[in-house]
Number of protein chains: 2
Amino acid sequence: MSNFSKISVPSDARVELHDQIGLTGAEVSINNLPAGASVPFVHSHKQNEEIYVVLSGNGKVVVDGEEIALTAGDWIRIAPEGKRQFFASDDSAISFACIQVKAGSLEGYTKTDAII
Amino acid sequence: MSNFSKISVPSDARVELHDQIGLTGAEVSINNLPAGASVPFVHSHKQNEEIYVVLSGNGKVVVDGEEIALTAGDWIRIAPEGKRQFFASDDSAISFACIQVKAGSLEGYTKTDAII
């Protein structure tokens with residue numbers, strides 16, 4: 001079986017990659033909000049750390065009531081218990097990826113996990 | 001302590017986020033190769049699955065000797081044992097993020113891990 005799987009992500013409102021590319025250590029979703037829109041709920045997690053990257057546009061995320069401005073190239077980690085909600089700007093859409101991983105699950109990495 | 005940490009990534013050749021934003025379930029690196037350049041070695045991993053996203057530009061990755069074309073918006077999973085090397089195109093730089101996670105570490109996610 002091949003050691004890789006690739007997807008070119010369409011510009012749907014939300015695309016989830018776990019099953020499409022066979023992820024086993026993360027879930028990745030791509031989320032596109034038009035200008036003025038938001039994710040319609042606040043959420044937190046039981047055990048998953050979330051890592052967000054802004055792919056294009058700008059907006060904000062509110063974490064535990066605190067507003068954090070977001071623009072393309074920003075990366076943000078949110079602990080499982082952080083209560084979060086994402087918003088596009090009033091005058092800009094935002095596209096962001098959300099990477100869910102189990103908090104504390106990483107053991108070695110880079111120099112201690114790579115074989116060259 | 002705050003439940004979030006954010007970084008705006010500069011356009012250096014390589015930026016590693018694990019320590020900068022306190023990741024515990026992944027390492028994320030942002031990698032920028034100018035046109036004609038490549039990562040100067042082939043590597044695989046002991047236990048980490050890698051998820052790559054092309055942020056801009058285009059190029060290719062060779063996995064186990066097979067060439068896969070890459071352009072902005074592509075996501076690719078590579079199993080730990082896949083022997084991989086990334087290249088920018090001859091006429092285009094490429095910027096990509098690499099997300100390292102422990103293969104098999106994800107338990108619940110989205111509906112089974114979120115609290116709304």
# chains A, B, ... in the order shown; residues from 1 in each chain; ligands from 1

$ interface_residues --of "chain A" --to "chain B" --cutoff "8 Å" --atoms "only C-alpha atoms" --output "ChimeraX atom specification"
/A:3-9,21-27,41-49,55,63-64,73-79,81-82,100-107,109,113-116

$ atom_distance --atom1 "atom CA of B:Ala13" --atom2 "atom CA of B:Asn58"
15.7 Å

$ select_by_dssp --residues "chain A" --states "helix (DSSP H, G or I)" --output "list in words"
His18, Asp19, Gln20, Ile21, Thr110, Lys111 and Thr112 of chain A

$ write_last_selection --atoms "N, CA and C atoms" --output "PDB file, in the first residue's frame"
ATOM      1  N   HIS A  18      -9.893  13.760   7.705  1.00  0.00           N
ATOM      2  CA  HIS A  18      -9.517  12.525   8.412  1.00  0.00           C
ATOM      3  C   HIS A  18      -9.741  11.282   7.569  1.00  0.00           C
ATOM      4  N   ASP A  19     -10.961  11.093   7.090  1.00  0.00           N
ATOM      5  CA  ASP A  19     -11.276   9.880   6.330  1.00  0.00           C
ATOM      6  C   ASP A  19     -10.769   9.961   4.888  1.00  0.00           C
ATOM      7  N   GLN A  20     -10.699  11.164   4.343  1.00  0.00           N
ATOM      8  CA  GLN A  20     -10.324  11.320   2.934  1.00  0.00           C
ATOM      9  C   GLN A  20      -8.854  10.991   2.691  1.00  0.00           C
ATOM     10  N   ILE A  21      -7.982  11.305   3.647  1.00  0.00           N
ATOM     11  CA  ILE A  21      -6.557  10.992   3.436  1.00  0.00           C
ATOM     12  C   ILE A  21      -6.013  10.041   4.504  1.00  0.00           C
ATOM     13  N   THR A 110      10.995  15.616  15.082  1.00  0.00           N
ATOM     14  CA  THR A 110      12.127  16.138  14.323  1.00  0.00           C
ATOM     15  C   THR A 110      13.383  15.310  14.647  1.00  0.00           C
ATOM     16  N   LYS A 111      14.383  15.863  15.294  1.00  0.00           N
ATOM     17  CA  LYS A 111      15.658  15.134  15.431  1.00  0.00           C
ATOM     18  C   LYS A 111      15.542  13.810  16.178  1.00  0.00           C
ATOM     19  N   THR A 112      14.582  13.719  17.110  1.00  0.00           N
ATOM     20  CA  THR A 112      14.478  12.473  17.862  1.00  0.00           C
ATOM     21  C   THR A 112      13.514  11.472  17.220  1.00  0.00           C
TER      22      THR A 112
END

$ atom_distance --atom1 "atom CA of A:Gly36" --atom2 "atom CA of B:Phe96"
28.7 Å

$ atom_distance --atom1 "atom CA of B:Gly57" --atom2 "atom CA of B:Ala93"
5.5 Å

$ residues_around --residues "A:Ala88" --least-positions-apart "4" --cutoff "7 Å" --atoms "only C-alpha atoms" --output "tab-separated table (two decimals) with N, CA and C atoms, in the first residue's frame"
chain	number	residue	atom	x	y	z
A	33	LEU	N	-15.43	30.99	6.01
A	33	LEU	CA	-16.54	31.84	6.46
A	33	LEU	C	-16.59	33.08	5.59
A	34	PRO	N	-17.75	33.40	5.01
A	34	PRO	CA	-17.85	34.66	4.26
A	34	PRO	C	-17.81	35.87	5.20
A	35	ALA	N	-17.58	37.04	4.62
A	35	ALA	CA	-17.53	38.27	5.42
A	35	ALA	C	-18.77	38.38	6.30
A	36	GLY	N	-18.57	38.72	7.56
A	36	GLY	CA	-19.68	38.93	8.48
A	36	GLY	C	-20.20	37.67	9.14
A	37	ALA	N	-19.68	36.51	8.75
A	37	ALA	CA	-20.20	35.24	9.30
A	37	ALA	C	-19.34	34.76	10.48
A	38	SER	N	-19.91	33.84	11.23
A	38	SER	CA	-19.15	33.21	12.31
A	38	SER	C	-19.54	31.75	12.42
A	58	ASN	N	-9.16	37.59	6.87
A	58	ASN	CA	-8.94	37.93	8.28
A	58	ASN	C	-10.24	37.92	9.06
A	59	GLY	N	-10.07	37.94	10.38
A	59	GLY	CA	-11.22	37.86	11.28
A	59	GLY	C	-10.72	37.87	12.70
A	60	LYS	N	-11.40	37.14	13.55
A	60	LYS	CA	-10.98	37.07	14.95
A	60	LYS	C	-11.45	35.76	15.55
A	92	SER	N	-14.30	41.08	5.27
A	92	SER	CA	-13.40	40.09	4.68
A	92	SER	C	-13.84	38.69	5.05
A	93	ALA	N	-13.81	37.80	4.07
A	93	ALA	CA	-13.96	36.38	4.37
A	93	ALA	C	-12.71	35.91	5.10
A	94	ILE	N	-12.80	34.71	5.68
A	94	ILE	CA	-11.61	34.09	6.29
A	94	ILE	C	-11.63	32.60	5.96

$ select_by_dssp --residues "chain B" --states "strand (DSSP E)" --output "PyMOL selection string"
chain B and resi 4-8+14-16+27-33+44-45+48-63+66-71+74-78+84-88+94-102+114-115
